[in-house]
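File shown: protein_22.pdb (PDB, N, CA and C atoms).
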```pdb
ATOM      1  N   MET J 671    -134.405  84.805  40.453
ATOM      2  CA  MET J 671    -134.888  85.378  41.693
ATOM      3  C   MET J 671    -136.409  85.385  41.679
ATOM      4  N   LEU J 672    -137.024  84.681  42.594
ATOM      5  CA  LEU J 672    -138.475  84.633  42.667
ATOM      6  C   LEU J 672    -139.013  85.896  43.308
ATOM      7  N   LYS J 673    -140.082  86.414  42.735
ATOM      8  CA  LYS J 673    -140.704  87.627  43.242
ATOM      9  C   LYS J 673    -141.941  87.255  44.049
ATOM     10  N   GLU J 674    -142.435  88.187  44.838
ATOM     11  CA  GLU J 674    -143.673  87.965  45.567
ATOM     12  C   GLU J 674    -144.819  87.810  44.563
ATOM     13  N   SER J 675    -145.792  86.981  44.893
ATOM     14  CA  SER J 675    -146.885  86.686  43.961
ATOM     15  C   SER J 675    -147.690  87.925  43.593
ATOM     16  N   TYR J 676    -147.905  88.814  44.550
ATOM     17  CA  TYR J 676    -148.750  89.968  44.273
ATOM     18  C   TYR J 676    -148.035  91.033  43.438
ATOM     19  N   THR J 677    -146.712  90.931  43.273
ATOM     20  CA  THR J 677    -146.008  91.907  42.442
ATOM     21  C   THR J 677    -145.827  91.426  41.010
ATOM     22  N   VAL J 678    -146.009  90.140  40.743
ATOM     23  CA  VAL J 678    -145.816  89.606  39.385
ATOM     24  C   VAL J 678    -146.972  90.021  38.488
ATOM     25  N   LEU J 679    -148.208  89.878  38.952
ATOM     26  CA  LEU J 679    -149.383  90.236  38.166
ATOM     27  C   LEU J 679    -149.671  91.721  38.346
ATOM     28  N   VAL J 680    -149.730  92.461  37.242
ATOM     29  CA  VAL J 680    -150.009  93.894  37.310
ATOM     30  C   VAL J 680    -151.505  94.137  37.332
ATOM     31  N   ARG J 681    -152.221  93.537  36.373
ATOM     32  CA  ARG J 681    -153.678  93.700  36.317
ATOM     33  C   ARG J 681    -154.258  92.653  35.379
ATOM     34  N   PRO J 682    -155.529  92.313  35.556
ATOM     35  CA  PRO J 682    -156.162  91.417  34.580
ATOM     36  C   PRO J 682    -156.501  92.199  33.319
ATOM     37  N   LEU J 683    -156.410  91.544  32.193
ATOM     38  CA  LEU J 683    -156.764  92.165  30.917
ATOM     39  C   LEU J 683    -158.190  91.763  30.574
ATOM     40  N   VAL J 684    -159.040  92.743  30.353
ATOM     41  CA  VAL J 684    -160.440  92.491  30.028
ATOM     42  C   VAL J 684    -160.702  93.080  28.656
ATOM     43  N   THR J 685    -160.694  92.218  27.649
ATOM     44  CA  THR J 685    -160.993  92.617  26.278
ATOM     45  C   THR J 685    -162.077  91.696  25.740
ATOM     46  N   GLU J 686    -162.624  92.040  24.597
ATOM     47  CA  GLU J 686    -163.668  91.195  24.006
ATOM     48  C   GLU J 686    -163.135  89.802  23.703
ATOM     49  N   ARG J 687    -161.942  89.745  23.137
ATOM     50  CA  ARG J 687    -161.368  88.451  22.757
ATOM     51  C   ARG J 687    -161.093  87.591  23.982
ATOM     52  N   LEU J 688    -160.494  88.171  25.017
ATOM     53  CA  LEU J 688    -160.181  87.393  26.212
ATOM     54  C   LEU J 688    -161.441  87.002  26.985
ATOM     55  N   THR J 689    -162.464  87.840  26.947
ATOM     56  CA  THR J 689    -163.729  87.490  27.592
ATOM     57  C   THR J 689    -164.374  86.311  26.874
ATOM     58  N   ALA J 690    -164.330  86.303  25.545
ATOM     59  CA  ALA J 690    -164.876  85.179  24.781
ATOM     60  C   ALA J 690    -164.080  83.904  25.058
ATOM     61  N   LEU J 691    -162.747  84.015  25.178
ATOM     62  CA  LEU J 691    -161.919  82.848  25.492
ATOM     63  C   LEU J 691    -162.247  82.290  26.874
ATOM     64  N   SER J 692    -162.472  83.168  27.841
ATOM     65  CA  SER J 692    -162.737  82.694  29.200
ATOM     66  C   SER J 692    -164.105  82.032  29.305
ATOM     67  N   GLU J 693    -165.055  82.411  28.442
ATOM     68  CA  GLU J 693    -166.361  81.753  28.456
ATOM     69  C   GLU J 693    -166.294  80.390  27.783
ATOM     70  N   GLU J 694    -165.519  80.300  26.712
ATOM     71  CA  GLU J 694    -165.422  79.063  25.934
ATOM     72  C   GLU J 694    -164.447  78.069  26.577
ATOM     73  N   LEU J 695    -163.270  78.524  26.943
ATOM     74  CA  LEU J 695    -162.222  77.712  27.567
ATOM     75  C   LEU J 695    -161.796  78.407  28.856
ATOM     76  N   PRO J 696    -161.166  77.699  29.763
ATOM     77  CA  PRO J 696    -160.699  78.388  30.978
ATOM     78  C   PRO J 696    -159.381  79.129  30.734
ATOM     79  N   LYS J 697    -159.422  80.201  29.900
ATOM     80  CA  LYS J 697    -158.231  80.995  29.595
ATOM     81  C   LYS J 697    -158.457  82.419  30.077
ATOM     82  N   TYR J 698    -157.435  82.987  30.722
ATOM     83  CA  TYR J 698    -157.526  84.334  31.267
ATOM     84  C   TYR J 698    -156.261  85.094  30.927
ATOM     85  N   GLY J 699    -156.383  86.400  30.723
ATOM     86  CA  GLY J 699    -155.245  87.229  30.359
ATOM     87  C   GLY J 699    -154.855  88.163  31.487
ATOM     88  N   PHE J 700    -153.550  88.359  31.660
ATOM     89  CA  PHE J 700    -153.024  89.247  32.683
ATOM     90  C   PHE J 700    -151.880  90.058  32.107
ATOM     91  N   GLU J 701    -151.774  91.305  32.548
ATOM     92  CA  GLU J 701    -150.565  92.067  32.288
ATOM     93  C   GLU J 701    -149.610  91.732  33.421
ATOM     94  N   VAL J 702    -148.381  91.401  33.079
ATOM     95  CA  VAL J 702    -147.394  90.972  34.074
ATOM     96  C   VAL J 702    -146.153  91.849  33.981
ATOM     97  N   ARG J 703    -145.287  91.734  34.977
ATOM     98  CA  ARG J 703    -144.036  92.482  34.966
ATOM     99  C   ARG J 703    -143.183  92.048  33.794
ATOM    100  N   LYS J 704    -142.358  92.964  33.292
ATOM    101  CA  LYS J 704    -141.535  92.658  32.118
ATOM    102  C   LYS J 704    -140.477  91.598  32.396
ATOM    103  N   ASP J 705    -140.057  91.461  33.654
ATOM    104  CA  ASP J 705    -139.008  90.489  33.971
ATOM    105  C   ASP J 705    -139.567  89.194  34.554
ATOM    106  N   ALA J 706    -140.887  88.995  34.505
ATOM    107  CA  ALA J 706    -141.497  87.773  35.039
ATOM    108  C   ALA J 706    -141.387  86.646  34.021
ATOM    109  N   ASN J 707    -141.115  85.429  34.509
ATOM    110  CA  ASN J 707    -141.071  84.281  33.602
ATOM    111  C   ASN J 707    -142.308  83.405  33.832
ATOM    112  N   LYS J 708    -142.420  82.332  33.047
ATOM    113  CA  LYS J 708    -143.620  81.493  33.092
ATOM    114  C   LYS J 708    -143.821  80.833  34.447
ATOM    115  N   MET J 709    -142.751  80.394  35.070
ATOM    116  CA  MET J 709    -142.884  79.723  36.369
ATOM    117  C   MET J 709    -143.387  80.700  37.436
ATOM    118  N   GLU J 710    -142.897  81.929  37.417
ATOM    119  CA  GLU J 710    -143.344  82.928  38.384
ATOM    120  C   GLU J 710    -144.800  83.309  38.150
ATOM    121  N   ILE J 711    -145.209  83.411  36.888
ATOM    122  CA  ILE J 711    -146.599  83.740  36.565
ATOM    123  C   ILE J 711    -147.519  82.610  37.015
ATOM    124  N   ARG J 712    -147.125  81.360  36.751
ATOM    125  CA  ARG J 712    -147.915  80.202  37.180
ATOM    126  C   ARG J 712    -148.103  80.199  38.693
ATOM    127  N   LYS J 713    -147.017  80.406  39.443
ATOM    128  CA  LYS J 713    -147.081  80.399  40.898
ATOM    129  C   LYS J 713    -147.944  81.542  41.423
ATOM    130  N   ALA J 714    -147.839  82.726  40.803
ATOM    131  CA  ALA J 714    -148.616  83.885  41.238
ATOM    132  C   ALA J 714    -150.109  83.657  41.044
ATOM    133  N   VAL J 715    -150.504  83.116  39.882
ATOM    134  CA  VAL J 715    -151.928  82.871  39.619
ATOM    135  C   VAL J 715    -152.455  81.790  40.554
ATOM    136  N   GLU J 716    -151.697  80.725  40.756
ATOM    137  CA  GLU J 716    -152.148  79.654  41.647
ATOM    138  C   GLU J 716    -152.280  80.149  43.084
ATOM    139  N   ASP J 717    -151.353  80.994  43.544
ATOM    140  CA  ASP J 717    -151.421  81.503  44.913
ATOM    141  C   ASP J 717    -152.557  82.498  45.103
ATOM    142  N   MET J 718    -152.726  83.409  44.154
ATOM    143  CA  MET J 718    -153.705  84.481  44.335
ATOM    144  C   MET J 718    -155.148  84.032  44.124
ATOM    145  N   PHE J 719    -155.383  83.109  43.198
ATOM    146  CA  PHE J 719    -156.754  82.730  42.862
ATOM    147  C   PHE J 719    -157.116  81.317  43.296
ATOM    148  N   ASP J 720    -156.199  80.588  43.911
ATOM    149  CA  ASP J 720    -156.443  79.240  44.417
ATOM    150  C   ASP J 720    -156.973  78.314  43.314
ATOM    151  N   VAL J 721    -156.233  78.255  42.195
ATOM    152  CA  VAL J 721    -156.569  77.413  41.050
ATOM    153  C   VAL J 721    -155.331  76.632  40.637
ATOM    154  N   LYS J 722    -155.490  75.693  39.706
ATOM    155  CA  LYS J 722    -154.373  74.944  39.134
ATOM    156  C   LYS J 722    -154.205  75.372  37.680
ATOM    157  N   VAL J 723    -152.982  75.727  37.311
ATOM    158  CA  VAL J 723    -152.683  76.225  35.970
ATOM    159  C   VAL J 723    -152.154  75.093  35.104
ATOM    160  N   ALA J 724    -152.691  74.979  33.882
ATOM    161  CA  ALA J 724    -152.224  73.961  32.937
ATOM    162  C   ALA J 724    -151.118  74.510  32.043
ATOM    163  N   LYS J 725    -151.312  75.703  31.456
ATOM    164  CA  LYS J 725    -150.345  76.291  30.533
ATOM    165  C   LYS J 725    -150.254  77.793  30.760
ATOM    166  N   VAL J 726    -149.102  78.344  30.389
ATOM    167  CA  VAL J 726    -148.904  79.794  30.413
ATOM    168  C   VAL J 726    -148.244  80.190  29.100
ATOM    169  N   HIS J 727    -148.857  81.103  28.377
ATOM    170  CA  HIS J 727    -148.291  81.667  27.155
ATOM    171  C   HIS J 727    -147.965  83.126  27.447
ATOM    172  N   VAL J 728    -146.750  83.540  27.093
ATOM    173  CA  VAL J 728    -146.296  84.898  27.388
ATOM    174  C   VAL J 728    -145.889  85.582  26.095
ATOM    175  N   MET J 729    -146.264  86.851  25.965
ATOM    176  CA  MET J 729    -145.864  87.628  24.793
ATOM    177  C   MET J 729    -145.581  89.070  25.187
ATOM    178  N   ASN J 730    -144.638  89.680  24.478
ATOM    179  CA  ASN J 730    -144.315  91.083  24.689
ATOM    180  C   ASN J 730    -145.114  91.913  23.696
ATOM    181  N   MET J 731    -145.880  92.858  24.215
ATOM    182  CA  MET J 731    -146.699  93.721  23.377
ATOM    183  C   MET J 731    -145.965  95.045  23.177
ATOM    184  N   PRO J 732    -145.699  95.447  21.943
ATOM    185  CA  PRO J 732    -144.975  96.703  21.717
ATOM    186  C   PRO J 732    -145.868  97.901  21.998
ATOM    187  N   GLY J 733    -145.246  99.024  22.326
ATOM    188  CA  GLY J 733    -146.000 100.253  22.529
ATOM    189  C   GLY J 733    -146.500 100.805  21.206
ATOM    190  N   LYS J 734    -147.547 101.601  21.271
ATOM    191  CA  LYS J 734    -148.113 102.175  20.050
ATOM    192  C   LYS J 734    -147.421 103.492  19.721
ATOM    193  N   VAL J 735    -147.319 103.770  18.439
ATOM    194  CA  VAL J 735    -146.706 105.012  17.976
ATOM    195  C   VAL J 735    -147.720 106.138  18.116
ATOM    196  N   LYS J 736    -147.308 107.234  18.734
ATOM    197  CA  LYS J 736    -148.174 108.395  18.925
ATOM    198  C   LYS J 736    -147.563 109.583  18.191
ATOM    199  N   ARG J 737    -148.408 110.404  17.597
ATOM    200  CA  ARG J 737    -147.929 111.614  16.927
ATOM    201  C   ARG J 737    -148.637 112.815  17.501
ATOM    202  N   ARG J 738    -147.871 113.844  17.714
ATOM    203  CA  ARG J 738    -148.428 115.120  18.139
ATOM    204  C   ARG J 738    -147.737 116.179  17.285
ATOM    205  N   GLY J 739    -148.379 116.543  16.195
ATOM    206  CA  GLY J 739    -147.741 117.436  15.238
ATOM    207  C   GLY J 739    -146.621 116.710  14.529
ATOM    208  N   ARG J 740    -145.439 117.276  14.553
ATOM    209  CA  ARG J 740    -144.309 116.633  13.897
ATOM    210  C   ARG J 740    -143.505 115.759  14.840
ATOM    211  N   HIS J 741    -143.876 115.700  16.092
ATOM    212  CA  HIS J 741    -143.164 114.902  17.085
ATOM    213  C   HIS J 741    -143.762 113.497  17.145
ATOM    214  N   ILE J 742    -142.895 112.520  17.048
ATOM    215  CA  ILE J 742    -143.326 111.126  17.089
ATOM    216  C   ILE J 742    -142.761 110.498  18.354
ATOM    217  N   SER J 743    -143.619 109.809  19.103
ATOM    218  CA  SER J 743    -143.162 109.113  20.307
ATOM    219  C   SER J 743    -143.832 107.749  20.354
ATOM    220  N   ARG J 744    -143.459 106.980  21.312
ATOM    221  CA  ARG J 744    -144.015 105.637  21.449
ATOM    222  C   ARG J 744    -144.461 105.445  22.893
ATOM    223  N   SER J 745    -145.675 104.918  23.077
ATOM    224  CA  SER J 745    -146.149 104.624  24.429
ATOM    225  C   SER J 745    -145.422 103.384  24.943
ATOM    226  N   ASN J 746    -145.461 103.180  26.235
ATOM    227  CA  ASN J 746    -144.768 102.043  26.832
ATOM    228  C   ASN J 746    -145.428 100.730  26.434
ATOM    229  N   GLY J 747    -144.623  99.741  26.139
ATOM    230  CA  GLY J 747    -145.129  98.408  25.860
ATOM    231  C   GLY J 747    -145.348  97.661  27.167
ATOM    232  N   TYR J 748    -145.901  96.466  27.074
ATOM    233  CA  TYR J 748    -146.132  95.661  28.259
ATOM    234  C   TYR J 748    -145.989  94.188  27.910
ATOM    235  N   ARG J 749    -145.997  93.351  28.923
ATOM    236  CA  ARG J 749    -145.879  91.902  28.757
ATOM    237  C   ARG J 749    -147.217  91.291  29.122
ATOM    238  N   LYS J 750    -147.721  90.426  28.256
ATOM    239  CA  LYS J 750    -149.040  89.839  28.440
ATOM    240  C   LYS J 750    -148.904  88.340  28.618
ATOM    241  N   ALA J 751    -149.686  87.787  29.545
ATOM    242  CA  ALA J 751    -149.691  86.346  29.780
ATOM    243  C   ALA J 751    -151.107  85.820  29.607
ATOM    244  N   ILE J 752    -151.246  84.758  28.822
ATOM    245  CA  ILE J 752    -152.517  84.052  28.683
ATOM    246  C   ILE J 752    -152.375  82.765  29.492
ATOM    247  N   VAL J 753    -153.205  82.620  30.517
ATOM    248  CA  VAL J 753    -153.113  81.498  31.449
ATOM    249  C   VAL J 753    -154.268  80.544  31.184
ATOM    250  N   THR J 754    -153.972  79.277  30.927
ATOM    251  CA  THR J 754    -154.984  78.238  30.749
ATOM    252  C   THR J 754    -155.070  77.434  32.038
ATOM    253  N   LEU J 755    -156.282  77.316  32.575
ATOM    254  CA  LEU J 755    -156.488  76.577  33.818
ATOM    255  C   LEU J 755    -156.841  75.132  33.528
ATOM    256  N   LYS J 756    -156.623  74.274  34.507
ATOM    257  CA  LYS J 756    -157.019  72.875  34.381
ATOM    258  C   LYS J 756    -158.532  72.770  34.466
ATOM    259  N   ASP J 757    -159.081  71.646  34.003
ATOM    260  CA  ASP J 757    -160.531  71.446  33.986
ATOM    261  C   ASP J 757    -161.108  71.546  35.395
ATOM    262  N   GLY J 758    -162.253  72.216  35.496
ATOM    263  CA  GLY J 758    -162.938  72.334  36.773
ATOM    264  C   GLY J 758    -162.596  73.599  37.544
ATOM    265  N   TYR J 759    -161.638  74.374  37.074
ATOM    266  CA  TYR J 759    -161.243  75.607  37.764
ATOM    267  C   TYR J 759    -161.677  76.821  36.948
ATOM    268  N   SER J 760    -161.984  77.905  37.644
ATOM    269  CA  SER J 760    -162.304  79.165  36.979
ATOM    270  C   SER J 760    -161.943  80.310  37.911
ATOM    271  N   ILE J 761    -161.828  81.494  37.336
ATOM    272  CA  ILE J 761    -161.505  82.708  38.090
ATOM    273  C   ILE J 761    -162.663  83.674  37.910
ATOM    274  N   GLU J 762    -163.169  84.209  39.006
ATOM    275  CA  GLU J 762    -164.240  85.195  38.944
ATOM    276  C   GLU J 762    -163.613  86.592  38.896
ATOM    277  N   LEU J 763    -163.499  87.162  37.689
ATOM    278  CA  LEU J 763    -162.941  88.498  37.541
ATOM    279  C   LEU J 763    -164.012  89.568  37.686
ATOM    280  N   TYR J 764    -165.274  89.214  37.502
ATOM    281  CA  TYR J 764    -166.361  90.192  37.482
ATOM    282  C   TYR J 764    -167.281  89.999  38.678
ATOM    283  N   GLU J 765    -166.737  89.917  39.865
ATOM    284  CA  GLU J 765    -167.556  89.693  41.054
ATOM    285  C   GLU J 765    -168.407  90.924  41.311
ATOM    286  N   GLY J 766    -169.689  90.723  41.531
ATOM    287  CA  GLY J 766    -170.589  91.812  41.848
ATOM    288  C   GLY J 766    -171.112  92.583  40.657
ATOM    289  N   VAL J 767    -170.845  92.124  39.418
ATOM    290  CA  VAL J 767    -171.339  92.841  38.243
ATOM    291  C   VAL J 767    -172.512  92.090  37.685
TER     292      VAL J 767
END
```
What do you get writing this file as structure tokens?
Amino acid sequence: MLKESYTVLVRPLVTERLTALSEELPKYGFEVRKDANKMEIRKAVEDMFDVKVAKVHVMNMPGKVKRRGRHISRSNGYRKAIVTLKDGYSIELYEGV
């Protein structure tokens, strides 16, 4: 079942590692829905940012263990996608900064 493009991508991931990757290669990271597959992620990025996607790598990130006294819990995990764009394309995530 294909989802709407704007519901597949949750938010862009901005970390030191992903920022360095985007400067060196056209790679960008996004947090995506847990039930999204590679084809849906590719279509969502191409529709929303008007670019051509070369590759999509997807990984499930586990939640972190939290302790509060003797109680142990786990924060929610998420699904991360690293999107590689074709040559000549880029995404402006930091507009106006």
Residues selected by the PyMOL selection byres ((chain J and resi 745) around 7), written as number ranges by chain: J: 732-736, 743-744, 746-747
Saved selection, atoms kept: N, CA and C atoms, as a PDB file, keeping the file's coordinate frame:
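Final output, saved to part_7.pdb:
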```
ATOM      1  N   PRO J 732    -145.699  95.447  21.943  1.00  0.00           N
ATOM      2  CA  PRO J 732    -144.975  96.703  21.717  1.00  0.00           C
ATOM      3  C   PRO J 732    -145.868  97.901  21.998  1.00  0.00           C
ATOM      4  N   GLY J 733    -145.246  99.024  22.326  1.00  0.00           N
ATOM      5  CA  GLY J 733    -146.000 100.253  22.529  1.00  0.00           C
ATOM      6  C   GLY J 733    -146.500 100.805  21.206  1.00  0.00           C
ATOM      7  N   LYS J 734    -147.547 101.601  21.271  1.00  0.00           N
ATOM      8  CA  LYS J 734    -148.113 102.175  20.050  1.00  0.00           C
ATOM      9  C   LYS J 734    -147.421 103.492  19.721  1.00  0.00           C
ATOM     10  N   VAL J 735    -147.319 103.770  18.439  1.00  0.00           N
ATOM     11  CA  VAL J 735    -146.706 105.012  17.976  1.00  0.00           C
ATOM     12  C   VAL J 735    -147.720 106.138  18.116  1.00  0.00           C
ATOM     13  N   LYS J 736    -147.308 107.234  18.734  1.00  0.00           N
ATOM     14  CA  LYS J 736    -148.174 108.395  18.925  1.00  0.00           C
ATOM     15  C   LYS J 736    -147.563 109.583  18.191  1.00  0.00           C
ATOM     16  N   SER J 743    -143.619 109.809  19.103  1.00  0.00           N
ATOM     17  CA  SER J 743    -143.162 109.113  20.307  1.00  0.00           C
ATOM     18  C   SER J 743    -143.832 107.749  20.354  1.00  0.00           C
ATOM     19  N   ARG J 744    -143.459 106.980  21.312  1.00  0.00           N
ATOM     20  CA  ARG J 744    -144.015 105.637  21.449  1.00  0.00           C
ATOM     21  C   ARG J 744    -144.461 105.445  22.893  1.00  0.00           C
ATOM     22  N   ASN J 746    -145.461 103.180  26.235  1.00  0.00           N
ATOM     23  CA  ASN J 746    -144.768 102.043  26.832  1.00  0.00           C
ATOM     24  C   ASN J 746    -145.428 100.730  26.434  1.00  0.00           C
ATOM     25  N   GLY J 747    -144.623  99.741  26.139  1.00  0.00           N
ATOM     26  CA  GLY J 747    -145.129  98.408  25.860  1.00  0.00           C
ATOM     27  C   GLY J 747    -145.348  97.661  27.167  1.00  0.00           C
TER      28      GLY J 747
END
```
Residues within 7 Å of (-157.4, 93.8, 33.3), file coords, all atoms listed in the file, listed as JSON, numbers by chain: {"J": [681, 682, 683, 684, 685, 699, 700, 701]}
Residue nearest His727 in chain J - candidates J:Gly758, J:Val680, J:Ala706, J:Lys750, atoms counted: only C-alpha atoms: J:Lys750
Expected selection from the PyMOL selection byres ((chain J and resi 761) around 8), given as a list of chain:residue names: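 Going through the file, the PyMOL selection byres ((chain J and resi 761) around 8) ends up selecting J:Pro696, J:Lys697, J:Tyr698, J:Phe719, J:Val721, J:Gly758, J:Tyr759, J:Ser760, J:Glu762, J:Leu763, J:Tyr764, J:Glu765.
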Met718 in chain J surroundings by only C-alpha atoms, 8 Å radius, close-in-sequence under 3 positions cut, as a count of residues only: 4
Nearest to Val726 in chain J, chosen from J:Glu686, J:Val753, J:Glu674, J:Met709, with only N, CA and C atoms counted in the distances: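 Using only N, CA and C atoms, the shortest distance to Val726 in chain J belongs to J:Val753.
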Taking all atoms of range 742-749 of chain J that appear in the file, build a box with edges along x, y and z, extend it by 6 Å on every side, and state its centre and edge lengths in Å to one decimal, as lines of an AutoDock Vina configuration file.
```
center_x = -145.0
center_y = 101.9
center_z = 23.1
size_x = 16.5
size_y = 33.2
size_z = 24.1
```
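Atom pair CA of Lys725 in chain J / atom N of Ala690 in chain J: separated by 17.9 Å.
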Residue neighbourhood Val728 in chain J, 7 Å, all atoms listed in the file, exclusion window fewer than 4 positions, as a ChimeraX atom specification: /J:749-752
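One finds atom N of Leu679 in chain J at 7.4 Å from atom N of Ile711 in chain J.
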Within-7 Å shell of (-143.2, 92.3, 28.3) in input frame, only N, CA and C atoms, as an MDAnalysis selection string: chainID J and resid 702:705 729:731 747:750
Pairwise distance for CA of Leu695 in chain J and atom C of Thr754 in chain J, rounded to one decimal in Å: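 The value is 8.4 Å.
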In range 730-767 of chain J, DSSP strand (DSSP E) residues written as a list in words: Asn730, Met731, Val735, Lys736, Arg737, Arg738, His741, Ile742, Ser743, Arg744, Tyr748, Arg749, Lys750, Ala751, Ile752, Val753, Thr754 and Leu755 of chain J
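Among the candidates J:Ala724, J:His741, J:Val678, J:Glu694, the residue lying nearest to Glu710 in chain J is J:Val678 (atoms considered: all atoms listed in the file).
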Mind rebuilding range 687-694 of chain J with all heavy atoms and writing that out as a PDB file, in the frame of the given file?
```pdb
ATOM      1  N   ARG J 687    -161.942  89.745  23.137  1.00  0.00           N
ATOM      2  CA  ARG J 687    -161.368  88.451  22.757  1.00  0.00           C
ATOM      3  C   ARG J 687    -161.093  87.591  23.982  1.00  0.00           C
ATOM      4  O   ARG J 687    -161.397  86.392  24.000  1.00  0.00           O
ATOM      5  CB  ARG J 687    -160.096  88.686  21.967  1.00  0.00           C
ATOM      6  CG  ARG J 687    -159.460  87.410  21.507  1.00  0.00           C
ATOM      7  CD  ARG J 687    -158.329  87.697  20.535  1.00  0.00           C
ATOM      8  NE  ARG J 687    -157.763  86.447  20.108  1.00  0.00           N
ATOM      9  CZ  ARG J 687    -156.519  86.083  20.334  1.00  0.00           C
ATOM     10  NH1 ARG J 687    -155.706  86.890  20.990  1.00  0.00           N
ATOM     11  NH2 ARG J 687    -156.064  84.931  19.925  1.00  0.00           N
ATOM     12  N   LEU J 688    -160.494  88.171  25.017  1.00  0.00           N
ATOM     13  CA  LEU J 688    -160.181  87.393  26.212  1.00  0.00           C
ATOM     14  C   LEU J 688    -161.441  87.002  26.985  1.00  0.00           C
ATOM     15  O   LEU J 688    -161.489  85.939  27.594  1.00  0.00           O
ATOM     16  CB  LEU J 688    -159.221  88.172  27.111  1.00  0.00           C
ATOM     17  CG  LEU J 688    -157.802  88.280  26.572  1.00  0.00           C
ATOM     18  CD1 LEU J 688    -156.968  89.199  27.441  1.00  0.00           C
ATOM     19  CD2 LEU J 688    -157.158  86.918  26.491  1.00  0.00           C
ATOM     20  N   THR J 689    -162.464  87.840  26.947  1.00  0.00           N
ATOM     21  CA  THR J 689    -163.729  87.490  27.592  1.00  0.00           C
ATOM     22  C   THR J 689    -164.374  86.311  26.874  1.00  0.00           C
ATOM     23  O   THR J 689    -164.890  85.395  27.517  1.00  0.00           O
ATOM     24  CB  THR J 689    -164.678  88.700  27.592  1.00  0.00           C
ATOM     25  OG1 THR J 689    -164.023  89.795  28.230  1.00  0.00           O
ATOM     26  CG2 THR J 689    -165.949  88.387  28.351  1.00  0.00           C
ATOM     27  N   ALA J 690    -164.330  86.303  25.545  1.00  0.00           N
ATOM     28  CA  ALA J 690    -164.876  85.179  24.781  1.00  0.00           C
ATOM     29  C   ALA J 690    -164.080  83.904  25.058  1.00  0.00           C
ATOM     30  O   ALA J 690    -164.658  82.816  25.173  1.00  0.00           O
ATOM     31  CB  ALA J 690    -164.869  85.499  23.298  1.00  0.00           C
ATOM     32  N   LEU J 691    -162.747  84.015  25.178  1.00  0.00           N
ATOM     33  CA  LEU J 691    -161.919  82.848  25.492  1.00  0.00           C
ATOM     34  C   LEU J 691    -162.247  82.290  26.874  1.00  0.00           C
ATOM     35  O   LEU J 691    -162.291  81.076  27.061  1.00  0.00           O
ATOM     36  CB  LEU J 691    -160.439  83.226  25.454  1.00  0.00           C
ATOM     37  CG  LEU J 691    -159.723  83.116  24.129  1.00  0.00           C
ATOM     38  CD1 LEU J 691    -158.286  83.591  24.279  1.00  0.00           C
ATOM     39  CD2 LEU J 691    -159.747  81.709  23.605  1.00  0.00           C
ATOM     40  N   SER J 692    -162.472  83.168  27.841  1.00  0.00           N
ATOM     41  CA  SER J 692    -162.737  82.694  29.200  1.00  0.00           C
ATOM     42  C   SER J 692    -164.105  82.032  29.305  1.00  0.00           C
ATOM     43  O   SER J 692    -164.311  81.176  30.167  1.00  0.00           O
ATOM     44  CB  SER J 692    -162.610  83.830  30.207  1.00  0.00           C
ATOM     45  OG  SER J 692    -163.617  84.793  30.007  1.00  0.00           O
ATOM     46  N   GLU J 693    -165.055  82.411  28.442  1.00  0.00           N
ATOM     47  CA  GLU J 693    -166.361  81.753  28.456  1.00  0.00           C
ATOM     48  C   GLU J 693    -166.294  80.390  27.783  1.00  0.00           C
ATOM     49  O   GLU J 693    -166.936  79.440  28.214  1.00  0.00           O
ATOM     50  CB  GLU J 693    -167.393  82.630  27.745  1.00  0.00           C
ATOM     51  CG  GLU J 693    -167.728  83.894  28.507  1.00  0.00           C
ATOM     52  CD  GLU J 693    -168.589  84.840  27.709  1.00  0.00           C
ATOM     53  OE1 GLU J 693    -168.911  84.527  26.547  1.00  0.00           O
ATOM     54  OE2 GLU J 693    -168.947  85.888  28.260  1.00  0.00           O
ATOM     55  N   GLU J 694    -165.519  80.300  26.712  1.00  0.00           N
ATOM     56  CA  GLU J 694    -165.422  79.063  25.934  1.00  0.00           C
ATOM     57  C   GLU J 694    -164.447  78.069  26.577  1.00  0.00           C
ATOM     58  O   GLU J 694    -164.747  76.900  26.733  1.00  0.00           O
ATOM     59  CB  GLU J 694    -164.953  79.461  24.528  1.00  0.00           C
ATOM     60  CG  GLU J 694    -164.567  78.359  23.632  1.00  0.00           C
ATOM     61  CD  GLU J 694    -164.050  78.928  22.312  1.00  0.00           C
ATOM     62  OE1 GLU J 694    -164.538  79.965  21.864  1.00  0.00           O
ATOM     63  OE2 GLU J 694    -163.148  78.303  21.752  1.00  0.00           O
TER      64      GLU J 694
END
```
